[in-house]
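Shown next, in structure tokens, is the structure this report addresses.
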Amino acid sequence: MDAWTTAIAGVTEPFTLLMLVCGVVVGLVIGVIPGLGGIFGMALLVPLTYTMDSYAAFALLLGMGSVITTSDTIPAVLIGVPGSIGAIATVEDGFPLARQNQAARAFGAAYSASLIGGLFGALVLALSIPVMRPLMLLLKSPDFLAISLFGLFFVAMLAGPQPLKGVIAALGGVLMSFVGIDDQSAVARFTFGTLYLWDGLPIGIVFLGLFGLPALMDLSRRTSISGATASMRPSSMLVGLKDTLREWRLVLQCSSLGSMLGAIPGIGLPVIEWVAYGMAKRDRKGGPEFGEGNIRGVIGPESANNAKEGGSLIPTIAFGLPGSATMSILLGAFMVQGLVPGPAMMTTNLPITYSLILFVALANILGASLCLGLTNPLARIALLPSTIIIPVALVFVTLGAFQTHASFADIVVLVGFGILGHFMAQGNWPRAAFSLGFVLGPSIERYFFLSYQIVGTDWIYRPSIQALILLGGAFAIRKTLAWRRARRAASAPGAHRISDMVAIALLSAACIFVIVDTWSMPDGARRFPTFTAILLLVVVAALAWQMFLRDRPRAPWASDATARLARRNETMKRMLVPVHCVLFASLVMLAGLVVAVPIFVLTVIWSRNRLAEQPTGRAAAVIAALSTTALSYGIFGWLISVPWPRPLLWF
Amino acid sequence: MKSSFFQTMLTGLQAAIGVLVLTAPALAEGSVTLKVGYGPGGGYDLMARFVAEHLGGFLPGHPDIVVQNVDGAGSLKLAMMMVGSEPKDGSVIALINPVVAFATVSTPELASFDANSLGWIGSLSGSPQLCTVSRNSPIETVEDFLGRDFILGASGKSSTTYVMAALVKNALHARFSLVTGFKGLAEIGLASERGEIAGSCGNSLTAYTAGGLSQTNRIIGQWALEVPESMKDIPSFLELITDPVDHAAAKLIVDTLRFQHPLHLPPGTPPDIVETYRKAFDAMVADPGFRADAASRKLVLNAKSGETVAGIVRALTGADKAVIDRAGELSK
């Protein structure tokens with residue numbers, strides 16, 4: 001019996017298929033809850049696999065891991081809060097589509113793109129089996145440095161109309177990524193004496209804050225997401241499916257990108273998402289502007305993030321080198337099953353390797369089918385009043401963040417980055433560029449030091465680095481020329497805002513702080529933060545020159561007192577969302593989950609009803625409170641392995 | 001009208017749930033949290049989850065044991081949390097890297113607590129640490145290893161992979177250079193396979209056999225105080241050190257290898273609770289079911305009791321200041 005036949009026989013065992021279905025269902029649920037992700041799911045399910053055979057164990061684990069990036073689209077499109085870090089780019093155009101009453105179309109496009117992407121990733125994995133080891137052995141540390149640096153070039157694609165703000169945001173992200181104990185010298189960088197920051201800022205909470213909270217803050221001034229009362233059209237989902245098929249080139253491009261970058265350790269999902277979004281953004285194909293509901297902005301990232309799973313299995317199988325954090329937990333399951341990643345996976349254990357491919361493919365088919373079936377009922381959520389959606393979403397966002405370390409500091413980070421994300425969105429500081437810098441910063445620093453320690457300055461002569469320099473140079477010149485042309489063609493720039501002045505002042509102060517703070521650190525810990533801070537200071541100075549000197553004659557400062565007052569009032573209203581977040585977390589610590597959730601949901605609905613044009617009915621409010629309590633307790637109180645702090649009131 | 005409805009609802013709900021919560025058992029009651037100083041997936045996490053499945057059965061009341069990952073700084077972060085903020089009622093226990101005990105004397109500015117104050121429950125394993133090189137490299141003997149110019153890979157400077165390699169380099173005046181920044185043994189293994197580095201130190205026997213390192217690497221030497229019979233033929237670095245102070249300093253560091261995967265309670269935990277845990281731990285590691293389960297999961301055990309671990313830690317922290325300082329220098 002050849003390896004494929006053995007694999008198919010193992011995969012089609014009834015118990016194995018049952019485990020696959022269970023894994024897919026768990027993965028879909030995890031994807032929908034903001035703040036939870038593959039790591040959480042793996043940690044939850046791996047202990048259950050100890051007594052299973054290899055096929056059933058991997059069916060459960062890969063079934064879960066393969067579909068999280070399918071269902072994380074649901075909150076991303078409906079409420080603008082990414083279900084996982086794999087949906088942060090989907091929000092950009094998915095949420096505007098929902099606001100235009102086109103949520104079903106966005107879902108149709110996203111799920112079909114996810115399905116094709118997932119199948120493509122499985123195909124790449126299948127085709128790469130004979131060559132995966134020799135191919136991976138060809139890549140050396142300077143090549144990984146080149147790939148990480150290449151990711152940063154996409155900042156140019158995502159920078160928007162003010163390129164300097166994009167560069168500043170990216171460098172700001174890089175600086176933030178240096179928080180924590182430095183691997184080179186074991187020195188604590190920017191931890192301010194707190195243990196919490198020793199391991200750096202938690203990426204999941206940072207992105208939840210940066211993208212999730214501002215979406216809820218924005219929603220707080222609307223009556224509902226779509227703002228429409230018209231019923232959903234079932235045909236909308238088919239329109240989305242057709243969109244994906246029409247954009248087949250983009251789907252294949254982004255799927256290839258997802259599976260290739262997925263195989264590179266250190267290149268996280270956010271990078272893949274934004275690079276795919278950047279690729280989609282090159283041509284809007286007659287659709288609306290990107291960020292205003294262009295369907296390509298949904299299709300690109302969604303096909304890339306599902307293809308990643310197959311890609312990240314390549315180094316895991318070939319070398320035991322996890323392509324992602326989720327894969328590092330999967331490796332634990334390999335050990336439990338007595339499997340050793342490496343050459344044996346291509347010979348004696350080849351049927352198991354083939355079964356992994358089949359699981360990824362089947363899970364994607366099953367996950368996308370289930371989600372497509374639920375599209376129309378889910379899309380109706382966009383019609384629910386915001387008075388209900390905001391408190392319910394806040395419960396899950398806050399608990400999702402809170403479960404990371406079960407510490408109040410999780411909420412501080414969530415709220416801090418939520419407020420930062422809000423002001424970045426308001427001031428046209430691209431958050432996408434910030435995320436790229438934040439994710440790629442540690443990889444760039446690590447691969448630079450590895451390359452430098454291993455080959456000295458010879459790393460610069462590596463072909464990949466030289467190709468990158470040439471490509472980057474050509475790219476930068478082309479974009480600069482395009483921006484100059486666009487600036488000349490544009491009319492007088494809009495009025496500057498006081499917030500930009502404040503941002504420039506704060507950024508300059510932060511750079512000076514970093515330079516002074518790292519001054520006494522060992523070389524290995526100091527070099528990158530200092531270099532980044534100096535570079536950032538230069539770019540901030542260039543932006544200040546642009547704003548204060550070059551554009552000043554054409555742009556009077558915004559000084560309309562009435563407009564300023566209106567803006568301030570609106571900001572105050574939006575700030576209620578982070579305040580509610582803190583209040584809810586305090587209530588959980590004070591009274592426990594079961595008490596805090598219904599009180600919070602009812603109180604927020606009640607307080608928002610006083611301001612709303614269309615108040616929520618009593619029955620709807622009670623149903624919302626009780627169902628949120630049951631669901632949140634089921635997931636965070638019963639299912640989750642994180643022990644919650646004991647409520648202060650009862651002990 | 002609506003406001004009064006909501007207010008009534010809220011008051012009623014508060015009262016009802018208050019009664020419910022006061023009469024029902026709290027979420028955390030009857031359970032013990034086992035905090036592990038590393039993220040999910042690694043050897044420490046696997047060991048913690050394995051212990052969590054068994055230890056509860058040997059404790060009074062058979063509590064459920066819930067695992068929580070508190071990763072950071074090679075588990076030093078968790079040790080500091082245990083010292084500073086965790087409850088002392090036996091509801092929280094921790095699994096950390098034993099090198100943390102050495103850090104309290106070698107780098108007190110980072111690990112500022114007394115390792116003797118922890119309530120040591122016992123340790124699960126203790127095996128020599130191996131230095132291995134790629135089978136493609138020309139290094140075949142200890143003499144080659146010490147006398148040739150090549151590169152060894154390591155993770156961070158507080159990791160076992162760094163400390164064990166630095167010990168060879170400084171105590172035996174080896175000529176190799178040490179590259180840091182790899183994310184774990186798998187990445188080091190890949191770099192050695194593609195020829196960027198020659199190999200690494202700080203590999204456990206489990207990593208070498210079950211982890212697949214034996215397929216691509218060969219063993220050059222070992223750091224150990226207690227050498228298993230099956231490893232007698234492997235050269236011991238400790239025996240090659242001739243300087244008495246260096247020998248004592250290296251022995252101090254190698255001592256931490258005798259109590260790997262140690263469990264402990266926070267300082268100030270009442271002695272009867274520590275004793276209860278120690279008895280439960282001893283009963284667990286002697287249990288045939290536990291041992292059979294470990295074997296089925298390919299876990300190599302070499303358990304030590306809480307008293308033994310406490311004794312090792314006492315000897316470690318009470319060592320001569322000059323030896324401690326020298327140990328700090330040798331591991332940098």
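Letters A, B, ... go to the chains of the structure tokens in the order shown; residues in each chain start at 1; ligands are counted from 1 in the same order.
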
Got a sec: who's within 7 Å of Ala310 in chain B, counting only C-alpha atoms, leaving out chain neighbours fewer than 3 positions off, as a PDB file with all heavy atoms, in the first residue's frame?
```pdb
ATOM      1  N   ASN B 116      16.243  30.060  48.639  1.00  0.00           N
ATOM      2  CA  ASN B 116      15.933  29.153  49.755  1.00  0.00           C
ATOM      3  C   ASN B 116      14.545  29.412  50.340  1.00  0.00           C
ATOM      4  O   ASN B 116      13.994  28.575  51.047  1.00  0.00           O
ATOM      5  CB  ASN B 116      16.965  29.323  50.874  1.00  0.00           C
ATOM      6  CG  ASN B 116      18.325  28.842  50.448  1.00  0.00           C
ATOM      7  OD1 ASN B 116      18.498  27.683  50.118  1.00  0.00           O
ATOM      8  ND2 ASN B 116      19.293  29.742  50.407  1.00  0.00           N
ATOM      9  N   TRP B 120      10.199  24.292  48.007  1.00  0.00           N
ATOM     10  CA  TRP B 120      10.491  23.324  46.940  1.00  0.00           C
ATOM     11  C   TRP B 120       9.685  22.043  47.155  1.00  0.00           C
ATOM     12  O   TRP B 120       9.756  21.422  48.216  1.00  0.00           O
ATOM     13  CB  TRP B 120      11.990  23.007  46.895  1.00  0.00           C
ATOM     14  CG  TRP B 120      12.821  24.220  46.546  1.00  0.00           C
ATOM     15  CD1 TRP B 120      13.540  24.989  47.406  1.00  0.00           C
ATOM     16  CD2 TRP B 120      12.981  24.804  45.247  1.00  0.00           C
ATOM     17  NE1 TRP B 120      14.142  26.026  46.729  1.00  0.00           N
ATOM     18  CE2 TRP B 120      13.822  25.930  45.391  1.00  0.00           C
ATOM     19  CE3 TRP B 120      12.516  24.498  43.982  1.00  0.00           C
ATOM     20  CZ2 TRP B 120      14.189  26.754  44.329  1.00  0.00           C
ATOM     21  CZ3 TRP B 120      12.886  25.310  42.914  1.00  0.00           C
ATOM     22  CH2 TRP B 120      13.706  26.419  43.091  1.00  0.00           C
ATOM     23  N   GLY B 306      11.481  17.024  47.452  1.00  0.00           N
ATOM     24  CA  GLY B 306      11.571  18.436  47.821  1.00  0.00           C
ATOM     25  C   GLY B 306      12.735  18.711  48.758  1.00  0.00           C
ATOM     26  O   GLY B 306      13.431  19.723  48.630  1.00  0.00           O
ATOM     27  N   GLU B 307      12.956  17.801  49.723  1.00  0.00           N
ATOM     28  CA  GLU B 307      14.072  17.974  50.668  1.00  0.00           C
ATOM     29  C   GLU B 307      15.403  17.984  49.913  1.00  0.00           C
ATOM     30  O   GLU B 307      16.283  18.795  50.201  1.00  0.00           O
ATOM     31  CB  GLU B 307      14.099  16.840  51.712  1.00  0.00           C
ATOM     32  CG  GLU B 307      12.986  16.895  52.733  1.00  0.00           C
ATOM     33  CD  GLU B 307      11.737  16.159  52.259  1.00  0.00           C
ATOM     34  OE1 GLU B 307      11.675  15.771  51.067  1.00  0.00           O
ATOM     35  OE2 GLU B 307      10.802  15.994  53.063  1.00  0.00           O
ATOM     36  N   VAL B 313      19.795  23.548  46.614  1.00  0.00           N
ATOM     37  CA  VAL B 313      19.687  25.013  46.534  1.00  0.00           C
ATOM     38  C   VAL B 313      20.453  25.672  47.678  1.00  0.00           C
ATOM     39  O   VAL B 313      21.147  26.682  47.495  1.00  0.00           O
ATOM     40  CB  VAL B 313      18.201  25.459  46.535  1.00  0.00           C
ATOM     41  CG1 VAL B 313      18.081  26.978  46.617  1.00  0.00           C
ATOM     42  CG2 VAL B 313      17.502  24.956  45.284  1.00  0.00           C
ATOM     43  N   ARG B 314      20.374  25.064  48.870  1.00  0.00           N
ATOM     44  CA  ARG B 314      21.113  25.609  50.022  1.00  0.00           C
ATOM     45  C   ARG B 314      22.610  25.618  49.740  1.00  0.00           C
ATOM     46  O   ARG B 314      23.301  26.598  49.979  1.00  0.00           O
ATOM     47  CB  ARG B 314      20.824  24.775  51.268  1.00  0.00           C
ATOM     48  CG  ARG B 314      19.900  25.460  52.260  1.00  0.00           C
ATOM     49  CD  ARG B 314      19.913  24.809  53.632  1.00  0.00           C
ATOM     50  NE  ARG B 314      19.860  23.361  53.627  1.00  0.00           N
ATOM     51  CZ  ARG B 314      18.733  22.643  53.518  1.00  0.00           C
ATOM     52  NH1 ARG B 314      17.568  23.270  53.424  1.00  0.00           N
ATOM     53  NH2 ARG B 314      18.757  21.331  53.531  1.00  0.00           N
TER      54      ARG B 314
END
```

Per residue of chain A within 8 Å of chain B, record the nearest atom pair and its distance in Å to one decimal, counting only C-alpha atoms, with rows in chain order and ascending residue number, as CSV.
```
residue,atom,partner,partner_atom,distance
A:Ile39,CA,B:Pro40,CA,7.7
A:Ala43,CA,B:Pro40,CA,6.3
A:Pro47,CA,B:Arg49,CA,7.4
A:Leu137,CA,B:Arg194,CA,5.2
A:Leu138,CA,B:Arg194,CA,7.2
A:Lys140,CA,B:Glu196,CA,7.4
A:Ile181,CA,B:Ala73,CA,6.6
A:Asp183,CA,B:Gly156,CA,4.5
A:Gln184,CA,B:Gly156,CA,6.0
A:Ser185,CA,B:Lys157,CA,6.2
A:Ala186,CA,B:Lys157,CA,5.9
A:Leu195,CA,B:Lys77,CA,6.2
A:Trp198,CA,B:Gly72,CA,6.1
A:Asp199,CA,B:Gly72,CA,4.9
A:Phe319,CA,B:Leu190,CA,6.7
A:Gly320,CA,B:Ala186,CA,5.9
A:Leu321,CA,B:Ala186,CA,5.3
A:Ser328,CA,B:Gly41,CA,5.7
A:Ile329,CA,B:Gly41,CA,3.8
A:Leu330,CA,B:Gly41,CA,7.0
A:Leu331,CA,B:Gly41,CA,6.8
A:Gly332,CA,B:Gly41,CA,5.0
A:Met335,CA,B:Gly211,CA,7.5
A:Val336,CA,B:Arg297,CA,5.2
A:Gln337,CA,B:Arg297,CA,7.5
A:Gly338,CA,B:Lys298,CA,7.2
A:Val340,CA,B:Gly212,CA,5.7
A:Pro341,CA,B:Gly212,CA,7.3
A:Gly342,CA,B:Gly212,CA,7.5
A:His405,CA,B:Val70,CA,7.3
A:Arg446,CA,B:Gly181,CA,5.9
A:Tyr447,CA,B:Gly181,CA,7.9
A:Phe449,CA,B:Gly181,CA,7.3
A:Leu450,CA,B:Gly181,CA,6.3
A:Gln453,CA,B:Val179,CA,6.0
A:Ile454,CA,B:Glu196,CA,6.9
A:Val594,CA,B:Ile17,CA,7.6
A:Val595,CA,B:Ile17,CA,6.1
A:Pro598,CA,B:Leu13,CA,7.9
A:Ile599,CA,B:Leu10,CA,6.4
A:Leu602,CA,B:Leu10,CA,7.1
A:Thr603,CA,B:Leu10,CA,7.6
A:Trp606,CA,B:Phe6,CA,6.5
A:Arg618,CA,B:Phe6,CA,7.7
A:Gly637,CA,B:Leu27,CA,7.5
A:Ser641,CA,B:Val66,CA,6.2
A:Val642,CA,B:Gln68,CA,5.8
A:Pro643,CA,B:Ala28,CA,6.8
A:Trp644,CA,B:Ala28,CA,7.2
A:Pro645,CA,B:Ala28,CA,7.9
A:Arg646,CA,B:Ala28,CA,6.7
A:Trp650,CA,B:Leu22,CA,7.0
```

Kindly export the residues of the current selection with N, CA and C atoms, as a short mmCIF file (atom, residue, chain, number, x, y, z; two decimals), in the first residue's frame.
```cif
data_model
loop_
_atom_site.label_atom_id
_atom_site.label_comp_id
_atom_site.auth_asym_id
_atom_site.auth_seq_id
_atom_site.Cartn_x
_atom_site.Cartn_y
_atom_site.Cartn_z
N ILE A 39 -3.06 29.87 19.26
CA ILE A 39 -2.27 29.44 20.42
C ILE A 39 -3.21 28.96 21.52
N ALA A 43 -3.40 25.10 22.87
CA ALA A 43 -3.17 24.82 24.28
C ALA A 43 -4.37 24.10 24.88
N PRO A 47 -3.83 18.69 25.11
CA PRO A 47 -3.95 17.67 26.16
C PRO A 47 -4.99 16.59 25.84
N LEU A 137 17.24 24.48 3.40
CA LEU A 137 18.67 24.51 3.73
C LEU A 137 19.42 25.55 2.90
N LEU A 138 18.81 25.96 1.78
CA LEU A 138 19.45 26.98 0.94
C LEU A 138 19.41 28.36 1.58
N LYS A 140 19.83 31.15 4.27
CA LYS A 140 20.69 31.38 5.44
C LYS A 140 20.22 32.65 6.17
N ILE A 181 12.80 42.01 27.67
CA ILE A 181 14.18 41.57 27.93
C ILE A 181 14.85 41.31 26.58
N ASP A 183 17.35 39.70 24.03
CA ASP A 183 18.00 38.38 23.94
C ASP A 183 19.52 38.48 23.86
N GLN A 184 20.01 39.56 23.26
CA GLN A 184 21.45 39.68 23.06
C GLN A 184 22.20 39.85 24.38
N SER A 185 21.66 40.72 25.25
CA SER A 185 22.40 41.06 26.46
C SER A 185 21.65 40.76 27.75
N ALA A 186 20.46 40.19 27.65
CA ALA A 186 19.61 39.91 28.82
C ALA A 186 19.37 41.18 29.65
N LEU A 195 7.26 43.64 35.81
CA LEU A 195 7.48 42.28 35.32
C LEU A 195 6.66 42.01 34.07
N TRP A 198 8.36 42.31 30.71
CA TRP A 198 9.61 41.57 30.46
C TRP A 198 9.55 40.81 29.14
N ASP A 199 8.39 40.26 28.84
CA ASP A 199 8.28 39.46 27.62
C ASP A 199 7.73 40.28 26.46
N PHE A 319 11.88 20.33 9.67
CA PHE A 319 12.99 20.54 10.62
C PHE A 319 12.55 20.63 12.08
N GLY A 320 11.27 20.55 12.34
CA GLY A 320 10.81 20.77 13.70
C GLY A 320 10.93 22.23 14.09
N LEU A 321 11.00 23.08 13.07
CA LEU A 321 11.14 24.52 13.30
C LEU A 321 9.77 25.16 13.09
N SER A 328 4.37 25.90 17.05
CA SER A 328 5.28 25.48 18.12
C SER A 328 4.53 24.58 19.11
N ILE A 329 3.24 24.79 19.25
CA ILE A 329 2.46 23.93 20.14
C ILE A 329 2.16 22.61 19.43
N LEU A 330 1.96 22.69 18.12
CA LEU A 330 1.71 21.47 17.35
C LEU A 330 2.91 20.53 17.47
N LEU A 331 4.10 21.13 17.59
CA LEU A 331 5.31 20.32 17.74
C LEU A 331 5.24 19.46 19.00
N GLY A 332 4.63 20.01 20.04
CA GLY A 332 4.44 19.25 21.28
C GLY A 332 3.63 17.98 21.00
N MET A 335 5.74 15.34 19.47
CA MET A 335 6.54 14.61 20.47
C MET A 335 5.69 13.56 21.17
N VAL A 336 4.46 13.98 21.55
CA VAL A 336 3.58 13.06 22.27
C VAL A 336 3.27 11.84 21.40
N GLN A 337 3.13 12.09 20.09
CA GLN A 337 2.80 10.99 19.19
C GLN A 337 4.03 10.18 18.79
N GLY A 338 5.19 10.55 19.33
CA GLY A 338 6.41 9.82 19.03
C GLY A 338 6.94 10.11 17.63
N VAL A 340 9.19 12.38 15.04
CA VAL A 340 10.33 13.29 15.04
C VAL A 340 10.34 14.04 13.71
N PRO A 341 10.11 15.38 13.75
CA PRO A 341 10.16 16.14 12.50
C PRO A 341 11.54 16.00 11.86
N GLY A 342 11.58 15.99 10.57
CA GLY A 342 12.86 15.83 9.87
C GLY A 342 12.72 14.82 8.75
N HIS A 405 -3.06 37.18 30.19
CA HIS A 405 -2.26 36.95 31.40
C HIS A 405 -3.11 36.95 32.67
N ARG A 446 16.97 40.48 15.21
CA ARG A 446 17.53 39.15 15.47
C ARG A 446 18.34 38.64 14.29
N TYR A 447 17.76 38.72 13.08
CA TYR A 447 18.48 38.20 11.91
C TYR A 447 19.70 39.07 11.57
N PHE A 449 21.66 40.54 13.85
CA PHE A 449 22.73 40.13 14.77
C PHE A 449 23.26 38.74 14.43
N LEU A 450 22.34 37.84 14.06
CA LEU A 450 22.79 36.49 13.68
C LEU A 450 23.70 36.57 12.45
N GLN A 453 27.05 38.20 13.40
CA GLN A 453 27.91 37.34 14.22
C GLN A 453 28.49 36.19 13.40
N ILE A 454 27.71 35.69 12.43
CA ILE A 454 28.15 34.50 11.69
C ILE A 454 29.10 34.87 10.55
N VAL A 594 -19.79 35.98 36.27
CA VAL A 594 -21.24 35.75 36.17
C VAL A 594 -22.03 36.97 36.62
N VAL A 595 -21.49 37.71 37.54
CA VAL A 595 -22.20 38.90 38.03
C VAL A 595 -21.89 40.09 37.13
N PRO A 598 -23.84 40.44 33.11
CA PRO A 598 -25.21 40.98 32.93
C PRO A 598 -25.35 42.41 33.43
N ILE A 599 -24.70 42.72 34.56
CA ILE A 599 -24.81 44.08 35.09
C ILE A 599 -24.24 45.07 34.09
N LEU A 602 -26.50 45.32 30.79
CA LEU A 602 -27.74 46.06 31.04
C LEU A 602 -27.48 47.53 31.32
N THR A 603 -26.43 47.79 32.11
CA THR A 603 -26.13 49.19 32.45
C THR A 603 -25.75 50.00 31.22
N TRP A 606 -28.76 50.57 29.09
CA TRP A 606 -29.61 51.58 29.75
C TRP A 606 -29.02 52.98 29.53
N ARG A 618 -36.97 46.28 26.11
CA ARG A 618 -36.60 45.59 27.36
C ARG A 618 -36.24 44.13 27.09
N GLY A 637 -15.21 30.98 31.36
CA GLY A 637 -15.26 30.45 32.71
C GLY A 637 -15.10 28.94 32.76
N SER A 641 -8.60 27.56 30.00
CA SER A 641 -7.74 26.98 31.04
C SER A 641 -7.11 28.06 31.93
N VAL A 642 -7.35 29.33 31.61
CA VAL A 642 -6.74 30.40 32.42
C VAL A 642 -7.55 30.59 33.69
N PRO A 643 -6.92 30.48 34.84
CA PRO A 643 -7.67 30.70 36.09
C PRO A 643 -7.90 32.19 36.33
N TRP A 644 -9.13 32.56 36.57
CA TRP A 644 -9.44 33.98 36.78
C TRP A 644 -9.14 34.37 38.21
N PRO A 645 -8.83 35.65 38.43
CA PRO A 645 -8.62 36.08 39.81
C PRO A 645 -9.91 35.90 40.61
N ARG A 646 -9.77 35.55 41.87
CA ARG A 646 -10.98 35.36 42.68
C ARG A 646 -11.66 36.71 42.91
N TRP A 650 -16.42 38.56 47.12
CA TRP A 650 -16.89 37.33 47.77
C TRP A 650 -15.81 36.66 48.61
#
```

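CA of Ala169 in chain A is positioned 17.6 Å from CA of Ser443 in chain A.
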
Inset, instruction - From a DSSP calculation on the backbone, collect every residue of range 306-516 of chain A in alpha helix (DSSP H) and output the set as JSON, numbers by chain. - result: {"A": [306, 307, 308, 309, 310, 311, 312, 313, 314, 315, 316, 317, 318, 319, 325, 326, 327, 328, 329, 330, 331, 332, 333, 334, 335, 336, 350, 351, 352, 353, 354, 355, 356, 357, 358, 359, 360, 361, 362, 363, 364, 365, 366, 367, 368, 369, 370, 371, 372, 373, 374, 375, 376, 377, 378, 379, 386, 387, 388, 389, 390, 391, 392, 393, 394, 395, 396, 397, 398, 399, 400, 401, 402, 408, 409, 410, 411, 412, 413, 414, 415, 416, 417, 418, 419, 420, 421, 422, 423, 424, 425, 426, 431, 432, 433, 434, 435, 436, 437, 438, 439, 440, 441, 442, 443, 444, 445, 446, 447, 448, 449, 450, 451, 452, 453, 454, 455, 463, 464, 465, 466, 467, 468, 469, 470, 471, 472, 473, 474, 475, 476, 477, 478, 479, 480, 481, 482, 483, 484, 485, 486, 487, 488, 489, 498, 499, 500, 501, 502, 503, 504, 505, 506, 507, 508, 509, 510, 511, 512, 513, 514, 515, 516]}

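Between CA of Thr244 in chain A and CA of Ile365 in chain A the interatomic distance comes to 15.7 Å.
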
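Among the candidate residues A:Ile30, A:Ile352, A:Leu175, A:Ala188, the one lying nearest to Ala3 in chain A is A:Ile352, with distances computed using only C-alpha atoms.
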
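Between CA of Ala344 in chain A and CA of Leu127 in chain A lies a distance of 17.3 Å.
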
List the neighbours of Ala115 in chain B out to 10 Å using only C-alpha atoms; skip same-chain residues closer than 3 positions along the sequence, and give me the result as number ranges by chain.
-> B: 79, 83, 98, 100-105, 111-112, 118-120, 267, 310, 313-314, 316-317

Taking the chain letters and numbering used in this document, name the residues of range 125-303 of chain B that DSSP puts in strand (DSSP E or B), as a PyMOL selection string. chain B and resi 125+129-134+151-154+177-180+199-204+217-223+236+260-265

Discussion item. If we count only C-alpha atoms and set the cut-off at 10 Å, which residues sit around range 623-629 of chain A, ignoring sequence neighbours fewer than 3 positions away in its own chain? Please answer as number ranges by chain.
Written reply: A: 388-389, 391-393, 395-396, 593-603, 605, 618-620, 632-635

**Prompt:** Which polymer residues have any atom within 12 Å of an atom of Phe290 in chain B, counting only C-alpha atoms, with same-chain residues fewer than 2 positions away left out, as a PyMOL selection string?
**Reply:** chain B and resi 50-55+57-58+124+281-288+292-297+299+301

Store the residues of this selection in a file with C-alpha atoms, as a compact mmCIF listing (two decimals), in the first residue's frame.
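Just written: part10.txt:
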```txt
# COMPACT_ATOMS: atom_id res chain seq x y z
CA PHE B 50 1.67 16.00 32.42
CA VAL B 51 2.05 16.75 36.14
CA ALA B 52 -1.30 18.57 36.18
CA GLU B 53 -3.01 15.39 35.06
CA HIS B 54 -1.55 13.32 37.89
CA LEU B 55 -0.64 15.41 40.95
CA GLY B 57 -4.95 12.59 42.47
CA PHE B 58 -2.36 12.46 45.24
CA LEU B 124 10.97 15.75 37.85
CA PHE B 281 4.79 14.59 44.80
CA ASP B 282 6.78 11.66 46.22
CA ALA B 283 3.74 9.39 45.97
CA MET B 284 3.10 10.54 42.41
CA VAL B 285 6.61 9.86 41.09
CA ALA B 286 6.60 6.42 42.76
CA ASP B 287 3.27 5.49 41.22
CA PRO B 288 3.57 2.83 38.48
CA ALA B 292 4.02 4.14 32.63
CA ASP B 293 2.28 7.27 31.36
CA ALA B 294 5.62 9.11 31.29
CA ALA B 295 7.20 6.29 29.32
CA SER B 296 4.33 6.30 26.82
CA ARG B 297 4.93 10.02 26.26
CA LEU B 299 9.42 11.65 28.97
CA LEU B 301 12.24 11.15 34.43
```

Of B:Val168, B:Ala198, B:Val163, B:Ile96, the one nearest to Pro138 in chain B when counting only C-alpha atoms is B:Ala198

Contact residues around Ser451 in chain A with only C-alpha atoms at 7 Å, ignoring same-chain residues under 4 positions, as a PDB file with N, CA, C and O atoms, in the first residue's frame:
```
ATOM      1  N   SER A 141      20.861  32.923   7.299  1.00  0.00           N
ATOM      2  CA  SER A 141      20.396  34.049   8.136  1.00  0.00           C
ATOM      3  C   SER A 141      20.262  35.371   7.361  1.00  0.00           C
ATOM      4  O   SER A 141      19.263  36.084   7.525  1.00  0.00           O
ATOM      5  N   PRO A 142      21.249  35.767   6.507  1.00  0.00           N
ATOM      6  CA  PRO A 142      21.072  37.031   5.773  1.00  0.00           C
ATOM      7  C   PRO A 142      19.843  37.022   4.849  1.00  0.00           C
ATOM      8  O   PRO A 142      19.246  38.075   4.605  1.00  0.00           O
ATOM      9  N   TYR A 447      17.764  38.719  13.084  1.00  0.00           N
ATOM     10  CA  TYR A 447      18.482  38.204  11.907  1.00  0.00           C
ATOM     11  C   TYR A 447      19.695  39.070  11.571  1.00  0.00           C
ATOM     12  O   TYR A 447      20.683  38.568  11.040  1.00  0.00           O
ATOM     13  N   VAL A 455      28.749  35.880   9.766  1.00  0.00           N
ATOM     14  CA  VAL A 455      29.587  36.177   8.584  1.00  0.00           C
ATOM     15  C   VAL A 455      30.185  37.583   8.610  1.00  0.00           C
ATOM     16  O   VAL A 455      30.755  38.032   7.620  1.00  0.00           O
ATOM     17  N   GLY A 456      30.049  38.296   9.719  1.00  0.00           N
ATOM     18  CA  GLY A 456      30.599  39.655   9.798  1.00  0.00           C
ATOM     19  C   GLY A 456      29.879  40.580   8.820  1.00  0.00           C
ATOM     20  O   GLY A 456      28.666  40.455   8.626  1.00  0.00           O
ATOM     21  N   TRP A 459      27.582  39.779   5.113  1.00  0.00           N
ATOM     22  CA  TRP A 459      26.159  39.557   4.857  1.00  0.00           C
ATOM     23  C   TRP A 459      25.626  40.485   3.769  1.00  0.00           C
ATOM     24  O   TRP A 459      24.700  40.174   3.044  1.00  0.00           O
TER      25      TRP A 459
END
```
